[in-house]
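A short worksheet on the structure shown next.
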Amino acid sequence: MQHIETDKQIEEKLEERFTILEVLTHSAMNGESRSLIVSGPPGLGKSYTVEQALALYDPNALRHTIAKGYVKPTGLLRLLYKHRAPGQVIVFDDADTIFFDDTSLNLLKTVCDTTEKRVVSYLAETNMVDEDSAEKIPRSFEFEGTIIFITNYDFDAMIQRGHKLAPHFTALISRSHYIDLAMKSDRDYLIRIKQVVKQGLLRDLNDNQKADVLRFVDQNSSRMRELSLRMVLKVASIRKMEMPAWESLAKVTCCKNK
């Protein structure tokens with residue numbers, strides 16, 4: 001018989017996972033771990049948690065960079081070279097295209113490895129240059145930085161299904177700290193949203209407005225374009241207008257047609 005979690009159990013589980021995420025992020029920034037993979041659905045706070053920790057660690061962004069979207073193998077190589085020193089952190093946030101390129105995957109497995117020295121080799125015919133310093137990138141160099149992946153992909157589920165990337169994901173997990181934020185259902189999402197609102201997400205709304213926003217999201221969860229903190233903020237911006245028909249406006253703009 002499948003165990004059904006209570007709301008309190010889900011809330012405690014999510015609090016634990018996000019606390020562990022903060023601990024592991026600090027561990028990665030301090031160089032105590034070489035690689036961290038954060039897996040969870042979009043728009044529920046995983047990027048924010050990592051970025052807040054990085055902002056405290058390196059407010060002037062001298063020791064970290066965040067790569068989002070499409071990253072070519074040549075772009076990846078430049079990033080690795082530029083941020084190769086100890087204490088440097090590279091964050092790949094929703095840059096999942098790197099997992100679909102063999103060259104990129106091999107580079108990533110190298111820099112995430114647990115061997116004493118991580119030597120990156122790129123034996124292509126083309127000479128590569130660091131665009132900022134105009135320095136020629138050597139065909140091999142030692143990487144001593146840290147990698148953090150923030151992804152919507154559920155590596156465990158994809159490995160279990162036998163996805164074509166399963167062997168690569170298995171290899172990356174074996175080299176990294178891997179945290180699944182354990183949000184799999186709309187119920188998990190709603191409890192996470194309420195958790196973040198309690199932590200101060202809607203601090204510019206009064207208590208009645210906050211309650212209205214949460215009620216609207218709860219009642220319309222199956223119709224929302226997405227269950228995310230971004231969507232909650234959209235509903236909140238409409239509620240803040242103090243219009244009599246704010247719910248109608250929110251349904252038209254934030255919900256799918258039946």
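To be explicit about the labels: the chains of the structure tokens are called A, B, and onward in the order shown, and within each one the residues are counted from 1, while ligands get numbers from 1 in the order they are shown.
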
Mind dumping a table of every range 33-99 of chain A residue within 9 Å of range 157-175 of chain A, with the nearest atom pair and its distance in Å to one decimal, using only C-alpha atoms, sorted by chain and rising number, as a Markdown table?
| residue | atom | partner | partner_atom | distance |
| --- | --- | --- | --- | --- |
| A:Arg34 | CA | A:Arg175 | CA | 8.3 |
| A:Ser35 | CA | A:Arg175 | CA | 7.1 |
| A:Leu36 | CA | A:Ile173 | CA | 8.8 |
| A:Ile37 | CA | A:Ile173 | CA | 7.6 |
| A:Phe99 | CA | A:Leu165 | CA | 7.6 |

Extract, using only C-alpha atoms, all DNA, RNA and protein residues at most 10 Å from Leu80 in chain A, discarding same-chain residues fewer than 4 positions from it, and format them as a ChimeraX atom specification. /A:74-76,84-85,88-90,107-108,111,120,141-147

Spatial neighbours of Ser222 in chain A, max dist 10 Å, only C-alpha atoms, sep filter under 3 positions, as a list in words: Asp186, Val217, Asp218, Gln219, Arg225, Glu226, Leu227, Cys255 and Lys256 of chain A

Could you write out that same residue set with C-alpha atoms as a tab-separated table (two decimals), in the first residue's frame?
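This went into again26.tsv:
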chain	number	residue	atom	x	y	z
A	186	ASP	CA	0.90	19.71	-7.91
A	217	VAL	CA	-3.81	29.63	-6.79
A	218	ASP	CA	-5.14	26.72	-4.71
A	219	GLN	CA	-8.60	26.77	-6.33
A	225	ARG	CA	-0.45	28.01	-16.97
A	226	GLU	CA	2.25	26.83	-14.59
A	227	LEU	CA	2.44	26.25	-10.86
A	255	CYS	CA	-5.09	30.24	-16.45
A	256	LYS	CA	-5.57	28.05	-19.48

Please return as a ChimeraX atom specification: the residues of range 60-158 of chain A that backbone DSSP assigns to helix (DSSP H, G or I). /A:73-82,96-100,102-111,155-158

Pick from A:Glu15, A:Asp7, A:Glu247, A:Glu116 nearest to Ala182 in chain A, counting only C-alpha atoms: A:Glu15

Using only C-alpha atoms, determine which residues lie at most 10 Å from Leu202 in chain A, disregarding the query and same-chain residues fewer than 3 positions distant; provide the list as a ChimeraX atom specification. /A:196-199,205-207,209-210,213,232-233,236-237

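Straight-line separation from CA of Lys82 in chain A to CA of Met128 in chain A: 12.1 Å.
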
Check range 11-157 of chain A with DSSP on the backbone and list each residue it calls strand (DSSP E or B), as a VMD selection string. chain A and resid 35 to 39 64 to 68 89 to 93 119 to 121 128 to 129 136 to 137 140 to 142 146 to 151

Would you output that residue set with N, CA and C atoms, as a short mmCIF file (atom, residue, chain, number, x, y, z; two decimals), in the first residue's frame?
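Once written, selection_1.cif looks like this:
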data_model
loop_
_atom_site.label_atom_id
_atom_site.label_comp_id
_atom_site.auth_asym_id
_atom_site.auth_seq_id
_atom_site.Cartn_x
_atom_site.Cartn_y
_atom_site.Cartn_z
N SER A 35 31.59 19.26 -7.54
CA SER A 35 30.44 19.34 -8.43
C SER A 35 29.16 19.09 -7.66
N LEU A 36 28.14 19.89 -8.00
CA LEU A 36 26.82 19.76 -7.39
C LEU A 36 25.77 19.78 -8.49
N ILE A 37 24.83 18.83 -8.45
CA ILE A 37 23.70 18.80 -9.39
C ILE A 37 22.42 19.01 -8.59
N VAL A 38 21.66 20.04 -8.97
CA VAL A 38 20.40 20.37 -8.29
C VAL A 38 19.26 20.11 -9.28
N SER A 39 18.39 19.16 -8.94
CA SER A 39 17.29 18.78 -9.83
C SER A 39 15.95 19.14 -9.20
N HIS A 64 32.72 33.88 -9.69
CA HIS A 64 31.71 32.96 -10.19
C HIS A 64 31.07 33.53 -11.45
N THR A 65 30.48 32.63 -12.22
CA THR A 65 29.71 33.03 -13.40
C THR A 65 28.51 32.11 -13.53
N ILE A 66 27.43 32.63 -14.09
CA ILE A 66 26.21 31.83 -14.30
C ILE A 66 25.93 31.77 -15.79
N ALA A 67 25.93 30.56 -16.34
CA ALA A 67 25.64 30.36 -17.76
C ALA A 67 24.22 29.82 -17.90
N LYS A 68 23.41 30.52 -18.71
CA LYS A 68 22.03 30.10 -18.93
C LYS A 68 21.79 29.88 -20.42
N VAL A 89 33.72 29.36 -9.37
CA VAL A 89 32.49 28.55 -9.46
C VAL A 89 31.78 28.86 -10.78
N ILE A 90 31.44 27.82 -11.52
CA ILE A 90 30.64 27.96 -12.74
C ILE A 90 29.28 27.32 -12.48
N VAL A 91 28.21 28.10 -12.69
CA VAL A 91 26.86 27.59 -12.52
C VAL A 91 26.21 27.46 -13.90
N PHE A 92 25.73 26.28 -14.22
CA PHE A 92 24.95 26.06 -15.43
C PHE A 92 23.49 25.98 -15.02
N ASP A 93 22.76 27.06 -15.29
CA ASP A 93 21.37 27.16 -14.85
C ASP A 93 20.44 27.03 -16.06
N VAL A 119 42.51 17.28 -15.66
CA VAL A 119 43.16 17.92 -16.82
C VAL A 119 42.21 17.90 -18.00
N VAL A 120 41.85 19.08 -18.47
CA VAL A 120 40.96 19.24 -19.62
C VAL A 120 41.79 19.22 -20.89
N SER A 121 41.42 18.37 -21.83
CA SER A 121 42.12 18.30 -23.12
C SER A 121 41.12 18.56 -24.23
N MET A 128 42.01 28.14 -29.97
CA MET A 128 41.00 28.82 -29.15
C MET A 128 41.66 29.96 -28.40
N VAL A 129 40.90 31.07 -28.25
CA VAL A 129 41.42 32.25 -27.57
C VAL A 129 40.42 32.68 -26.51
N LYS A 136 45.77 32.83 -25.69
CA LYS A 136 45.50 31.57 -26.39
C LYS A 136 45.24 30.47 -25.36
N ILE A 137 44.16 29.72 -25.57
CA ILE A 137 43.82 28.64 -24.66
C ILE A 137 44.64 27.40 -25.03
N SER A 140 45.55 21.65 -23.47
CA SER A 140 45.20 20.98 -22.21
C SER A 140 45.57 21.89 -21.05
N PHE A 141 44.78 21.85 -19.99
CA PHE A 141 45.03 22.66 -18.80
C PHE A 141 44.36 22.01 -17.61
N GLU A 142 44.83 22.35 -16.42
CA GLU A 142 44.26 21.79 -15.20
C GLU A 142 43.10 22.67 -14.74
N THR A 146 34.93 24.76 -9.42
CA THR A 146 33.75 24.00 -8.99
C THR A 146 32.63 24.22 -9.99
N ILE A 147 31.85 23.16 -10.22
CA ILE A 147 30.71 23.21 -11.15
C ILE A 147 29.41 22.99 -10.37
N ILE A 148 28.41 23.82 -10.66
CA ILE A 148 27.05 23.61 -10.12
C ILE A 148 26.08 23.55 -11.30
N PHE A 149 25.34 22.47 -11.39
CA PHE A 149 24.29 22.32 -12.40
C PHE A 149 22.93 22.54 -11.73
N ILE A 150 22.12 23.43 -12.30
CA ILE A 150 20.73 23.60 -11.85
C ILE A 150 19.86 23.17 -13.03
N THR A 151 19.12 22.10 -12.86
CA THR A 151 18.42 21.51 -14.00
C THR A 151 16.98 21.11 -13.65
#

Which residue is closest to Ile191 in chain A? Choose from A:Met243, A:Cys254, A:Leu229, A:Met224 and count only C-alpha atoms.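 Of A:Met243, A:Cys254, A:Leu229, A:Met224, the one nearest Ile191 in chain A is A:Leu229, counting only C-alpha atoms.
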